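Here's work09.txt, which has compact mmCIF, C-alpha atoms and all ligand atoms:
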# COMPACT_ATOMS: atom_id res chain seq x y z
CA MET E 294 163.37 82.65 146.28
CA PHE E 295 165.90 81.79 148.97
CA LEU E 296 166.75 83.80 152.07
CA ILE E 297 170.25 83.32 153.49
CA THR E 298 170.65 84.59 157.01
CA GLY E 299 172.93 83.98 160.00
CA ALA E 300 174.92 85.93 162.59
CA LEU E 301 177.58 88.49 161.68
CA GLY E 302 180.54 86.63 160.24
CA SER E 303 178.86 83.24 160.50
CA GLY E 304 179.75 82.32 156.91
CA LYS E 305 176.82 83.52 154.75
CA THR E 306 179.01 84.99 152.00
CA THR E 307 181.30 81.95 152.02
CA LEU E 308 178.23 79.74 151.54
CA LEU E 309 176.93 82.02 148.81
CA ARG E 310 180.25 81.88 146.97
CA GLN E 311 180.08 78.09 146.96
CA VAL E 312 176.48 78.09 145.78
CA MET E 313 177.09 80.69 143.05
CA ALA E 314 180.02 78.65 141.74
CA CYS E 315 177.65 75.74 140.93
CA PRO E 316 176.51 75.19 137.36
CA GLY E 317 173.15 76.66 136.34
CA MET E 318 173.23 79.69 138.63
CA GLN E 319 173.31 82.29 135.83
CA ASP E 320 169.58 82.93 136.01
CA THR E 321 169.88 84.14 139.60
CA ALA E 322 169.30 87.65 140.91
CA LEU E 323 171.31 88.22 144.07
CA ILE E 324 170.29 90.82 146.64
CA ILE E 325 172.88 91.48 149.33
CA ASN E 326 172.01 93.56 152.39
CA GLU E 327 174.89 95.04 154.37
CA PHE E 328 174.91 97.11 157.52
CA GLY E 329 177.86 99.46 156.93
CA ALA E 330 178.15 102.46 154.58
CA ILE E 331 180.39 100.37 152.31
CA GLY E 332 179.26 96.94 151.10
CA LEU E 333 182.02 94.42 150.47
CA ASP E 334 180.11 91.15 150.24
CA GLN E 335 179.13 91.55 146.59
CA MET E 336 182.87 91.95 145.84
CA LEU E 337 183.73 88.87 147.87
CA VAL E 338 181.14 86.71 146.11
CA GLN E 339 183.10 87.30 142.86
CA SER E 340 180.41 85.72 140.78
CA ALA E 341 179.99 85.87 137.04
CA ILE E 342 176.27 86.60 137.31
CA GLU E 343 175.12 90.06 136.26
CA ASN E 344 172.15 90.64 138.55
CA ILE E 345 173.84 91.47 141.84
CA LEU E 346 172.26 94.23 143.84
CA LEU E 347 173.55 95.76 147.04
CA MET E 348 171.14 97.15 149.63
CA GLY E 349 173.60 98.94 151.86
CA ASP E 350 173.78 100.94 155.05
CA GLY E 351 170.82 99.56 156.93
CA CYS E 352 169.10 96.38 157.92
CA LEU E 353 166.17 94.87 156.02
CA CYS E 354 164.36 93.93 159.21
CA CYS E 355 164.17 97.50 160.51
CA SER E 356 165.89 100.64 159.19
CA ILE E 357 165.35 99.91 155.48
CA ARG E 358 162.32 97.68 155.92
CA GLY E 359 159.99 98.07 152.94
CA ASP E 360 162.83 98.68 150.51
CA LEU E 361 163.15 94.97 149.78
CA ILE E 362 159.77 94.60 148.08
CA ASP E 363 160.39 97.77 146.03
CA THR E 364 163.80 96.37 145.06
CA ILE E 365 162.31 93.05 143.93
CA SER E 366 159.50 94.81 142.02
CA GLY E 367 162.17 96.98 140.38
CA LEU E 368 164.15 93.91 139.35
CA PHE E 369 161.08 92.37 137.67
CA ALA E 370 160.32 95.64 135.90
CA ARG E 371 163.89 96.06 134.63
CA ALA E 372 164.03 92.47 133.41
CA GLU E 373 160.77 92.98 131.51
CA LEU E 374 162.20 96.08 129.85
CA GLY E 375 165.30 94.10 128.89
CA GLU E 376 167.57 96.35 130.98
CA ILE E 377 168.93 93.38 132.94
CA PRO E 378 169.00 89.65 132.11
CA SER E 379 165.83 87.79 133.06
CA PHE E 380 166.06 85.58 136.14
CA GLY E 381 164.26 82.56 137.54
CA ARG E 382 165.63 82.60 141.05
CA ILE E 383 166.27 85.27 143.68
CA ILE E 384 168.70 84.80 146.56
CA ILE E 385 168.72 87.35 149.37
CA GLU E 386 171.58 87.56 151.87
CA THR E 387 170.56 89.47 155.00
CA THR E 388 172.87 91.34 157.35
CA GLY E 389 174.09 89.35 160.32
CA LEU E 390 171.96 91.56 162.55
CA ALA E 391 168.67 90.70 160.91
CA ASP E 392 165.72 89.25 162.74
CA PRO E 393 164.25 87.23 159.86
CA ARG E 394 160.64 87.38 161.06
CA GLN E 395 159.83 90.77 159.54
CA ILE E 396 161.60 89.92 156.30
CA ILE E 397 159.70 86.64 155.95
CA GLN E 398 156.44 88.41 156.67
CA ASP E 399 157.19 91.07 154.06
CA LEU E 400 158.06 88.45 151.45
CA VAL E 401 154.99 86.37 152.13
CA THR E 402 152.52 89.26 152.18
CA ALA E 403 154.11 91.43 149.47
CA ARG E 404 151.43 93.11 147.40
CA GLY E 405 151.99 93.35 143.68
CA ILE E 406 154.62 90.61 143.52
CA SER E 407 153.01 87.98 145.75
CA GLY E 408 151.96 85.84 142.78
CA ARG E 409 155.42 86.04 141.24
CA ILE E 410 157.61 85.02 144.16
CA ARG E 411 157.57 82.06 146.49
CA LEU E 412 159.84 81.86 149.49
CA ALA E 413 161.27 78.39 148.97
CA LYS E 414 163.73 78.13 151.83
CA VAL E 415 165.24 80.08 154.69
CA ILE E 416 168.86 79.00 155.03
CA THR E 417 170.68 79.95 158.24
CA ALA E 418 174.44 79.85 158.62
CA VAL E 419 175.20 78.91 162.23
CA ASP E 420 178.71 79.77 163.36
CA GLY E 421 180.41 76.57 164.54
CA VAL E 422 182.76 78.52 166.78
CA PHE E 423 180.39 81.08 168.33
CA GLY E 424 176.99 79.49 167.63
CA LEU E 425 176.39 77.98 171.07
CA SER E 426 177.12 81.19 172.95
CA GLN E 427 175.23 83.29 170.38
CA LEU E 428 172.12 81.15 170.78
CA GLY E 429 172.21 81.83 174.51
CA GLN E 430 172.79 85.57 174.26
CA ASN E 431 171.50 86.91 171.01
CA ASP E 432 167.82 87.03 170.10
CA GLU E 433 168.43 87.61 166.38
CA VAL E 434 170.50 84.42 166.16
CA LEU E 435 167.81 82.50 168.01
CA GLN E 436 165.17 83.74 165.56
CA GLN E 437 167.41 82.95 162.59
CA VAL E 438 167.61 79.32 163.75
CA ILE E 439 163.96 79.03 164.73
CA HIS E 440 162.79 80.25 161.30
CA ALA E 441 165.26 78.21 159.24
CA ASP E 442 164.33 75.42 156.85
CA LEU E 443 167.99 74.48 156.66
CA CYS E 444 170.78 75.27 159.13
CA MET E 445 174.32 75.10 157.83
CA ILE E 446 176.83 74.68 160.67
CA THR E 447 179.92 76.47 159.40
CA LYS E 448 183.59 76.33 160.48
CA CYS E 449 183.38 72.65 161.46
CA ASP E 450 187.11 72.47 160.70
CA LEU E 451 187.73 74.79 163.68
CA ILE E 452 185.75 72.94 166.35
CA GLU E 453 185.87 69.69 168.28
CA GLY E 454 183.33 66.93 167.67
CA GLU E 455 181.84 67.52 171.12
CA THR E 456 181.05 71.20 170.37
CA LEU E 457 179.57 70.17 167.04
CA GLY E 458 177.37 67.60 168.79
CA LEU E 459 176.13 70.13 171.35
CA LEU E 460 175.42 72.73 168.68
CA THR E 461 173.55 70.19 166.55
CA GLN E 462 171.47 69.22 169.60
CA ALA E 463 170.72 72.85 170.43
CA ILE E 464 169.58 73.54 166.86
CA SER E 465 167.33 70.48 166.68
CA GLY E 466 165.89 71.35 170.09
CA LEU E 467 164.94 74.82 168.87
CA ASN E 468 163.79 73.78 165.40
CA PRO E 469 163.15 70.04 165.09
CA THR E 470 162.05 70.24 161.44
CA ALA E 471 165.11 72.09 160.14
CA GLU E 472 167.51 70.12 157.99
CA ILE E 473 171.02 70.40 159.46
CA VAL E 474 174.05 70.38 157.18
CA ARG E 475 177.67 70.56 158.37
CA SER E 476 180.24 72.56 156.42
CA HIS E 477 182.70 69.68 156.16
CA ASP E 478 180.05 67.40 154.57
CA PHE E 479 179.08 70.13 152.19
CA SER E 480 181.89 70.64 149.71
CA GLY E 481 180.88 69.69 146.18
CA LYS E 482 177.20 69.51 147.16
CA ALA E 483 176.43 73.21 147.29
CA GLU E 484 173.59 73.19 144.78
CA GLY E 485 171.77 70.64 146.95
CA ILE E 486 170.82 73.33 149.43
CA LEU E 487 168.80 75.12 146.76
CA ASP E 488 166.72 72.03 146.17
CA ASP E 489 163.34 72.90 147.65
CA THR E 490 161.44 69.76 146.75
CA GLY E 491 161.47 68.56 150.34
CA TRP E 492 160.07 71.81 151.68
CA GLN E 493 156.61 71.30 153.09
CA LYS E 494 155.97 73.66 155.96
CA PRO E 495 153.25 76.17 155.14
CA ARG E 496 154.34 79.73 155.82
CA ARG E 497 151.87 81.72 157.83
CA ALA E 498 151.95 85.38 157.00
CA SER E 499 150.22 86.81 160.01
CA GLY E 500 149.88 86.32 163.73
CA SER E 501 151.66 87.58 166.78
CA SER E 502 154.57 85.21 166.32
CA PHE E 503 155.82 87.47 163.53
CA ARG E 504 155.93 90.66 165.58
CA CYS E 505 159.37 91.83 166.62
CA ASP E 506 160.99 94.83 168.18
CA ALA E 507 164.16 94.82 166.16
CA LYS E 508 165.07 98.42 166.87
CA SER E 509 165.92 97.78 170.49
CA VAL E 510 168.29 95.04 169.38
CA HIS E 511 170.18 97.26 166.92
CA ASP E 512 170.26 100.38 169.06
CA ALA E 513 173.84 100.20 170.25
CA VAL E 514 175.23 98.95 166.94
CA GLN E 515 177.31 101.32 164.83
CA SER E 516 179.56 101.02 161.82
CA TRP E 517 182.62 102.84 160.57
CA SER E 518 183.86 102.53 157.00
CA VAL E 519 186.72 103.96 155.04
CA ARG E 520 187.74 104.01 151.39
CA HIS E 521 191.39 104.86 150.77
CA GLU E 522 193.04 105.14 147.42
CA ALA E 523 196.77 104.92 148.17
CA PRO E 524 198.43 101.57 149.04
CA LEU E 525 198.62 100.83 152.76
CA ALA E 526 201.63 99.50 154.68
CA TRP E 527 200.92 95.96 155.92
CA SER E 528 202.93 96.55 159.11
CA LYS E 529 200.69 99.55 159.93
CA ILE E 530 197.53 97.52 159.26
CA LEU E 531 198.76 94.82 161.65
CA GLU E 532 199.62 97.44 164.25
CA TRP E 533 196.15 98.99 163.93
CA LEU E 534 194.36 95.63 164.15
CA ASP E 535 196.45 94.74 167.18
CA ALA E 536 195.49 98.01 168.88
CA LEU E 537 191.82 97.68 167.88
CA TYR E 538 191.45 94.13 169.17
CA SER E 539 193.46 94.61 172.33
CA MET E 540 191.48 97.73 173.28
CA ARG E 541 187.82 96.57 173.38
CA PRO E 542 187.56 93.14 171.74
CA ALA E 543 184.12 92.43 173.19
CA ASN E 544 182.70 95.53 171.49
CA ILE E 545 183.86 94.67 168.00
CA LEU E 546 181.24 92.55 166.27
CA ARG E 547 182.72 92.37 162.79
CA MET E 548 185.62 93.69 160.73
CA LYS E 549 186.19 93.14 157.04
CA GLY E 550 188.33 94.79 154.45
CA ILE E 551 189.64 94.44 150.93
CA LEU E 552 193.06 96.08 150.95
CA GLN E 553 195.60 97.39 148.52
CA VAL E 554 198.80 96.55 150.37
CA ALA E 555 201.99 98.30 149.34
CA GLY E 556 204.16 95.95 147.29
CA GLN E 557 201.35 93.42 146.66
CA GLU E 558 199.69 92.93 143.27
CA SER E 559 196.45 91.26 144.31
CA PRO E 560 193.85 92.46 146.84
CA VAL E 561 194.25 91.21 150.40
CA VAL E 562 191.11 90.34 152.38
CA VAL E 563 191.13 90.75 156.17
CA GLN E 564 188.25 89.49 158.29
CA GLY E 565 187.41 89.42 161.97
CA VAL E 566 184.38 87.82 163.61
CA GLY E 567 183.87 88.76 167.24
CA ALA E 568 187.31 88.77 168.79
CA MET E 569 188.70 86.25 166.30
CA ILE E 570 190.80 87.43 163.34
CA TYR E 571 191.04 85.06 160.37
CA PRO E 572 194.22 84.55 158.36
CA PRO E 573 194.40 87.08 155.50
CA ALA E 574 193.25 85.80 152.12
CA ARG E 575 193.67 87.04 148.54
CA LEU E 576 191.18 87.76 145.80
CA ASP E 577 192.08 86.66 142.27
CA ALA E 578 191.23 90.03 140.77
CA TRP E 579 190.48 93.60 141.82
CA PRO E 580 186.75 94.06 142.37
CA TRP E 581 186.97 97.77 141.44
CA PRO E 582 188.95 99.37 138.61
CA ALA E 583 190.92 101.96 140.59
CA ARG E 584 192.26 99.53 143.21
CA GLY E 585 192.41 101.11 146.69
CA SER E 586 191.19 99.76 150.02
CA GLU E 587 187.81 99.54 151.72
CA ILE E 588 187.30 98.56 155.34
CA VAL E 589 184.16 98.19 157.47
CA VAL E 590 184.06 97.74 161.24
CA ILE E 591 180.80 97.10 163.15
CA THR E 592 180.74 97.80 166.87
CA ARG E 593 178.25 97.35 169.69
CA GLY E 594 178.47 99.64 172.71
CA LEU E 595 181.53 101.45 171.30
CA ASP E 596 181.54 104.78 169.45
CA ALA E 597 182.55 103.70 165.94
CA ARG E 598 184.27 107.04 165.37
CA SER E 599 186.99 105.94 167.77
CA VAL E 600 187.80 103.14 165.32
CA GLY E 601 188.27 105.78 162.63
CA ARG E 602 190.48 107.86 164.87
CA SER E 603 192.76 104.91 165.60
CA PHE E 604 192.92 104.09 161.87
CA ASP E 605 193.86 107.70 161.11
CA ALA E 606 196.51 107.79 163.80
CA ILE E 607 198.13 104.41 163.19
CA VAL E 608 197.63 103.56 159.53
CA LEU E 609 197.50 107.00 157.94
CA GLY E 610 199.45 108.87 160.61
CA GLY E 611 202.22 111.07 159.33
CA GLN E 612 201.02 111.09 155.71
CA LEU E 613 199.04 114.27 154.98
CA PRO E 614 196.97 116.65 157.09
CA ARG E 615 193.43 115.31 157.36
CA ALA E 616 191.75 118.03 155.29
CA GLN E 617 194.08 117.37 152.37
CA ARG E 618 193.91 113.62 152.79
CA ASP E 619 190.12 113.60 152.58
CA GLY E 620 190.25 115.47 149.31
CA ILE E 621 193.28 113.85 147.72
CA ASP E 622 193.94 110.23 148.46
CA GLY E 623 191.43 109.17 151.04
CA ARG E 624 187.73 109.59 151.64
CA VAL E 625 186.48 108.90 155.10
CA LEU E 626 182.84 107.95 154.91
CA ALA E 627 180.51 108.98 157.68
CA SER E 628 180.12 106.65 160.63
CA SER E 629 176.62 105.26 160.55
CA ALA E 630 174.30 103.93 163.18
CA VAL E 631 170.84 102.41 162.98
N1 LIG B 701 187.95 78.00 158.82
C1 LIG B 701 186.77 78.37 158.32
N2 LIG B 701 186.52 79.67 158.13
C2 LIG B 701 185.32 80.02 157.61
C3 LIG B 701 184.31 79.07 157.28
N3 LIG B 701 183.21 79.73 156.81
C4 LIG B 701 183.54 81.05 156.85
N4 LIG B 701 184.81 81.23 157.33
C5 LIG B 701 185.53 82.49 157.54
O1 LIG B 701 184.76 83.31 158.43
C6 LIG B 701 184.90 84.68 158.06
C7 LIG B 701 183.51 85.27 157.85
O2 LIG B 701 182.89 84.58 156.77
P1 LIG B 701 181.80 85.30 155.82
O3 LIG B 701 181.35 84.27 154.84
O4 LIG B 701 182.31 86.58 155.28
O5 LIG B 701 180.67 85.59 156.88
P2 LIG B 701 179.31 86.42 156.67
O6 LIG B 701 178.27 85.75 157.48
O7 LIG B 701 179.02 86.61 155.23
O8 LIG B 701 179.69 87.83 157.30
P3 LIG B 701 178.77 89.17 157.34
O9 LIG B 701 178.16 89.33 155.97
O10 LIG B 701 179.72 90.27 157.67
O11 LIG B 701 177.77 88.96 158.42
C8 LIG B 701 185.76 84.72 156.80
O12 LIG B 701 187.10 84.97 157.17
C9 LIG B 701 185.63 83.30 156.24
O13 LIG B 701 186.75 82.90 155.49
C10 LIG B 701 184.60 77.66 157.51
O14 LIG B 701 183.78 76.75 157.27
N5 LIG B 701 185.85 77.39 158.03

Structure re-expressed in structure tokens:
Amino acid sequence: MFLITGALGSGKTTLLRQVMACPGMQDTALIINEFGAIGLDQMLVQSAIENILLMGDGCLCCSIRGDLIDTISGLFARAELGEIPSFGRIIIETTGLADPRQIIQDLVTARGISGRIRLAKVITAVDGVFGLSQLGQNDEVLQQVIHADLCMITKCDLIEGETLGLLTQAISGLNPTAEIVRSHDFSGKAEGILDDTGWQKPRRASGSSFRCDAKSVHDAVQSWSVRHEAPLAWSKILEWLDALYSMRPANILRMKGILQVAGQESPVVVQGVGAMIYPPARLDAWPWPARGSEIVVITRGLDARSVGRSFDAIVLGGQLPRAQRDGIDGRVLASSAV
């Protein structure tokens, strides 16, 4: 079993996509935990494997703690009944907000399945662009690095050698035994990170070092999500993103969406990490049969409903009255907070 963790937008799903594209991954069960009411990561992985399970709208280290072991037990039971293909490997992707200590403890001490699973490696994606500042300001990111067996420094193409050197030093200072891999050395070698032969550190399942107070960390974090069935005008999306990011950039932790853009055949992916918006990308195929768009925005210290209001006003403005729109071509999902 492998645990992939890392800050919001640090590159966990990108890493997972590369790993899942390697030969011999078919016998993998993938468990993806997402914070918002809509989960997009399982769509973005676009893998051929059948056992992909989304644990949405909560974080494994706190609000839906306990569900993970039930989910894994359920997977074993369903495989035994022949309801899903059998699997020899489990990969779990946490939310970017997760403090891995509780999750590791749960996996190591799990009753009922403890003889059937072995946590082989904790893999942490460390954001090359934001990693240094996150390590100084964000306790979850610190814990993700401290508990890693392997740290993957992502986005090396976006940073100078000096920043990379400082980040590498900071990681080895915090966790001298962690293997450090850099994203630009990584292409074509993805399956190597699932090689656990070199893993030697015993995992202790108890002791005060595993206690955490994750709730206080997540308190001010909220998410807003929307699913909309009619095509959206690209110019309106750009206008909305411009307004969103010029208003309170420091309060927007993460934005991601798979969009049906008017006049475009394939789905368009938009992503923002912190205040940085990435160039739009395309998916080869629609991840859901009816097309349509799904967007998730995660905020800290900002009422997520205001994100929804700006989306309504700018992107959907002037289409239909809200009551009709909710019932006919758009469904606004509830804002959610942990
Ligand atoms: N240039 C560049 N962009 C990257 C790299 N890795 C990830 N990204 C981009 O960073 C954004 C976030 O990447 P994801 O893989 O979705 O990050 P994540 O950690 O799964 O995000 P959450 O699940 O929301 O926490 C996307 O736009 C990626 O394309 C990289 O090595 N280089």

Practice item. For ligand LIG 701 (chain B), collect every residue having any atom at a distance of at most 6 Å from a ligand atom (counting only C-alpha atoms and all ligand atoms); output as a PyMOL selection string. Key: chain E and resi 300-307+388-389+447-451+476+564+571

**Study point:** Of the listed residues E:Thr417, E:Ser518, E:Asn468, E:Thr387, that which approaches Cys354 (chain E) most closely, counting only C-alpha atoms
**Key:**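 Checking each candidate against Cys354 (chain E), we get E:Thr387 as the closest.
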
Exercise for review: Would you mind telling me which residue in E:Ala543, E:Val561, E:Leu400, E:Ile607 lies nearest to Lys529 (chain E) when using only C-alpha atoms?
Suggested key: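 When distances to Lys529 (chain E) are compared using only C-alpha atoms, the smallest one comes from E:Ile607.
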
Review point. How many Å separate CA of Asn344 (chain E) from CA of Pro378 (chain E)?
Key: 7.2 Å

Review point. E:Gly424, E:Gly466, E:Pro582, E:Gly317: which is nearest Gly567 (chain E), counting all atoms listed in the file?
Key: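 The shortest atom-to-atom distance to Gly567 (chain E) comes from E:Gly424.
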
Calculate, to one decimal in Å, the centre and edge lengths of the box along x, y and z of the file that holds all listed atoms of region 460-466 of chain E with 5 Å of margin on each side, and present them as lines of an AutoDock Vina configuration file.
center_x = 170.7
center_y = 71.4
center_z = 168.5
size_x = 19.5
size_y = 14.3
size_z = 13.9

Point to revise | Pick from E:Gly458, E:Gly359, E:Pro573, E:Gly299, whichever lies nearest to Asp392 (chain E) using all atoms listed in the file | key: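 Of E:Gly458, E:Gly359, E:Pro573, E:Gly299, the one nearest Asp392 (chain E), counting all atoms listed in the file, is E:Gly299.
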
Check your understanding: Got a sec: who's within 8 Å of Ile325 (chain E), counting only C-alpha atoms, leaving out chain neighbours fewer than 3 positions off, as a list of chain:residue names?
Key ->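 With the cut-off at 8 Å, the set is E:Asp334, E:Gln335, E:Ile345, E:Leu346, E:Leu347, E:Met348, E:Gly349, E:Ile385, E:Glu386, E:Thr387.
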
Exercise for review: Find the distance between CA of Leu296 (chain E) and CA of Ile362 (chain E) and write it in Å to one decimal.
Suggested key: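 So the answer is 13.5 Å.
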
**Study point:** Atom-to-atom span, CA of His521 (chain E) and CA of Trp533 (chain E), Å
**Key:**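 Between CA of His521 (chain E) and CA of Trp533 (chain E) the gap is 15.2 Å.
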
Practice item. Check the smallest atom-to-atom distance from each of E:Met294, E:Val589, E:Ile324, E:Ile377 to Val415 (chain E) using all atoms listed in the file, then report the winner. Key: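 The closest residue to Val415 (chain E) is E:Met294.
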
Please write as a PDB file with C-alpha atoms, keeping the file's coordinate frame the list of polymer residues whose atoms come within 12 Å of (182.8, 101.5, 172.9), counting only C-alpha atoms and keeping to the coordinates of the file.
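Output (point.pdb):
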ATOM      1  CA  ALA E 513     173.840 100.200 170.250  1.00  0.00           C
ATOM      2  CA  VAL E 514     175.230  98.950 166.940  1.00  0.00           C
ATOM      3  CA  GLN E 515     177.310 101.320 164.830  1.00  0.00           C
ATOM      4  CA  SER E 516     179.560 101.020 161.820  1.00  0.00           C
ATOM      5  CA  LEU E 537     191.820  97.680 167.880  1.00  0.00           C
ATOM      6  CA  TYR E 538     191.450  94.130 169.170  1.00  0.00           C
ATOM      7  CA  MET E 540     191.480  97.730 173.280  1.00  0.00           C
ATOM      8  CA  ARG E 541     187.820  96.570 173.380  1.00  0.00           C
ATOM      9  CA  PRO E 542     187.560  93.140 171.740  1.00  0.00           C
ATOM     10  CA  ALA E 543     184.120  92.430 173.190  1.00  0.00           C
ATOM     11  CA  ASN E 544     182.700  95.530 171.490  1.00  0.00           C
ATOM     12  CA  ILE E 545     183.860  94.670 168.000  1.00  0.00           C
ATOM     13  CA  LEU E 546     181.240  92.550 166.270  1.00  0.00           C
ATOM     14  CA  ILE E 591     180.800  97.100 163.150  1.00  0.00           C
ATOM     15  CA  THR E 592     180.740  97.800 166.870  1.00  0.00           C
ATOM     16  CA  ARG E 593     178.250  97.350 169.690  1.00  0.00           C
ATOM     17  CA  GLY E 594     178.470  99.640 172.710  1.00  0.00           C
ATOM     18  CA  LEU E 595     181.530 101.450 171.300  1.00  0.00           C
ATOM     19  CA  ASP E 596     181.540 104.780 169.450  1.00  0.00           C
ATOM     20  CA  ALA E 597     182.550 103.700 165.940  1.00  0.00           C
ATOM     21  CA  ARG E 598     184.270 107.040 165.370  1.00  0.00           C
ATOM     22  CA  SER E 599     186.990 105.940 167.770  1.00  0.00           C
ATOM     23  CA  VAL E 600     187.800 103.140 165.320  1.00  0.00           C
TER      24      VAL E 600
END

Practice item. Rank E:Arg358, E:Arg404, E:Lys414, E:Arg602 by their smallest atom-to-atom distance to Thr298 (chain E), using only C-alpha atoms, and report the top residue only. Key: E:Lys414

Check your understanding: Which neighbours of Thr456 (chain E) fall inside 9 Å, counting only C-alpha atoms, when residues of the same chain fewer than 6 positions from it are skipped, and could you give them as a list in words?
Key ->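 In the requested form, the answer reads Gly421, Val422 and Leu425 of chain E.
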
Check your understanding: Which polymer residues have any atom within 9 Å of an atom of Trp579 (chain E), counting all atoms listed in the file, with same-chain residues fewer than 6 positions away left out, as an MDAnalysis selection string?
Key -> chainID E and resid 336 559:560

Go ahead and write the residues just picked, C-alpha atoms, as an mmCIF file, keeping the file's coordinate frame.
data_model
loop_
_atom_site.group_PDB
_atom_site.id
_atom_site.type_symbol
_atom_site.label_atom_id
_atom_site.label_comp_id
_atom_site.auth_asym_id
_atom_site.auth_seq_id
_atom_site.Cartn_x
_atom_site.Cartn_y
_atom_site.Cartn_z
ATOM 1 C CA MET E 336 182.870 91.950 145.840
ATOM 2 C CA SER E 559 196.450 91.260 144.310
ATOM 3 C CA PRO E 560 193.850 92.460 146.840
#

For region 382-398 of chain E, supply N, CA and C atoms and report the output as a PDB file, in the frame of the given file.
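Output file out-v9.pdb is given in full below:
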ATOM      1  N   ARG E 382     165.392  82.873 139.632  1.00  0.00           N
ATOM      2  CA  ARG E 382     165.630  82.600 141.050  1.00  0.00           C
ATOM      3  C   ARG E 382     166.173  83.867 141.700  1.00  0.00           C
ATOM      4  N   ILE E 383     165.717  84.124 142.929  1.00  0.00           N
ATOM      5  CA  ILE E 383     166.270  85.270 143.680  1.00  0.00           C
ATOM      6  C   ILE E 383     166.883  84.714 144.956  1.00  0.00           C
ATOM      7  N   ILE E 384     168.095  85.153 145.261  1.00  0.00           N
ATOM      8  CA  ILE E 384     168.700  84.800 146.560  1.00  0.00           C
ATOM      9  C   ILE E 384     168.955  86.109 147.305  1.00  0.00           C
ATOM     10  N   ILE E 385     168.520  86.151 148.553  1.00  0.00           N
ATOM     11  CA  ILE E 385     168.720  87.350 149.370  1.00  0.00           C
ATOM     12  C   ILE E 385     169.651  86.990 150.519  1.00  0.00           C
ATOM     13  N   GLU E 386     170.726  87.743 150.686  1.00  0.00           N
ATOM     14  CA  GLU E 386     171.580  87.560 151.870  1.00  0.00           C
ATOM     15  C   GLU E 386     171.298  88.726 152.807  1.00  0.00           C
ATOM     16  N   THR E 387     170.876  88.411 154.025  1.00  0.00           N
ATOM     17  CA  THR E 387     170.560  89.470 155.000  1.00  0.00           C
ATOM     18  C   THR E 387     171.843  89.924 155.695  1.00  0.00           C
ATOM     19  N   THR E 388     171.753  90.987 156.466  1.00  0.00           N
ATOM     20  CA  THR E 388     172.870  91.340 157.350  1.00  0.00           C
ATOM     21  C   THR E 388     172.893  90.310 158.488  1.00  0.00           C
ATOM     22  N   GLY E 389     174.003  90.263 159.193  1.00  0.00           N
ATOM     23  CA  GLY E 389     174.090  89.350 160.320  1.00  0.00           C
ATOM     24  C   GLY E 389     173.262  89.806 161.508  1.00  0.00           C
ATOM     25  N   LEU E 390     172.722  91.026 161.427  1.00  0.00           N
ATOM     26  CA  LEU E 390     171.960  91.560 162.550  1.00  0.00           C
ATOM     27  C   LEU E 390     170.462  91.319 162.386  1.00  0.00           C
ATOM     28  N   ALA E 391     170.096  90.742 161.245  1.00  0.00           N
ATOM     29  CA  ALA E 391     168.670  90.700 160.910  1.00  0.00           C
ATOM     30  C   ALA E 391     167.886  89.700 161.735  1.00  0.00           C
ATOM     31  N   ASP E 392     166.726  90.162 162.211  1.00  0.00           N
ATOM     32  CA  ASP E 392     165.720  89.250 162.740  1.00  0.00           C
ATOM     33  C   ASP E 392     164.874  88.859 161.531  1.00  0.00           C
ATOM     34  N   PRO E 393     164.878  87.583 161.138  1.00  0.00           N
ATOM     35  CA  PRO E 393     164.250  87.230 159.860  1.00  0.00           C
ATOM     36  C   PRO E 393     162.730  87.310 159.859  1.00  0.00           C
ATOM     37  N   ARG E 394     162.108  87.457 161.028  1.00  0.00           N
ATOM     38  CA  ARG E 394     160.640  87.380 161.060  1.00  0.00           C
ATOM     39  C   ARG E 394     159.975  88.444 160.196  1.00  0.00           C
ATOM     40  N   GLN E 395     160.445  89.688 160.326  1.00  0.00           N
ATOM     41  CA  GLN E 395     159.830  90.770 159.540  1.00  0.00           C
ATOM     42  C   GLN E 395     160.062  90.570 158.056  1.00  0.00           C
ATOM     43  N   ILE E 396     161.258  90.082 157.720  1.00  0.00           N
ATOM     44  CA  ILE E 396     161.600  89.920 156.300  1.00  0.00           C
ATOM     45  C   ILE E 396     160.714  88.836 155.697  1.00  0.00           C
ATOM     46  N   ILE E 397     160.555  87.728 156.438  1.00  0.00           N
ATOM     47  CA  ILE E 397     159.700  86.640 155.950  1.00  0.00           C
ATOM     48  C   ILE E 397     158.272  87.145 155.770  1.00  0.00           C
ATOM     49  N   GLN E 398     157.808  87.889 156.763  1.00  0.00           N
ATOM     50  CA  GLN E 398     156.440  88.410 156.670  1.00  0.00           C
ATOM     51  C   GLN E 398     156.285  89.295 155.434  1.00  0.00           C
TER      52      GLN E 398
END
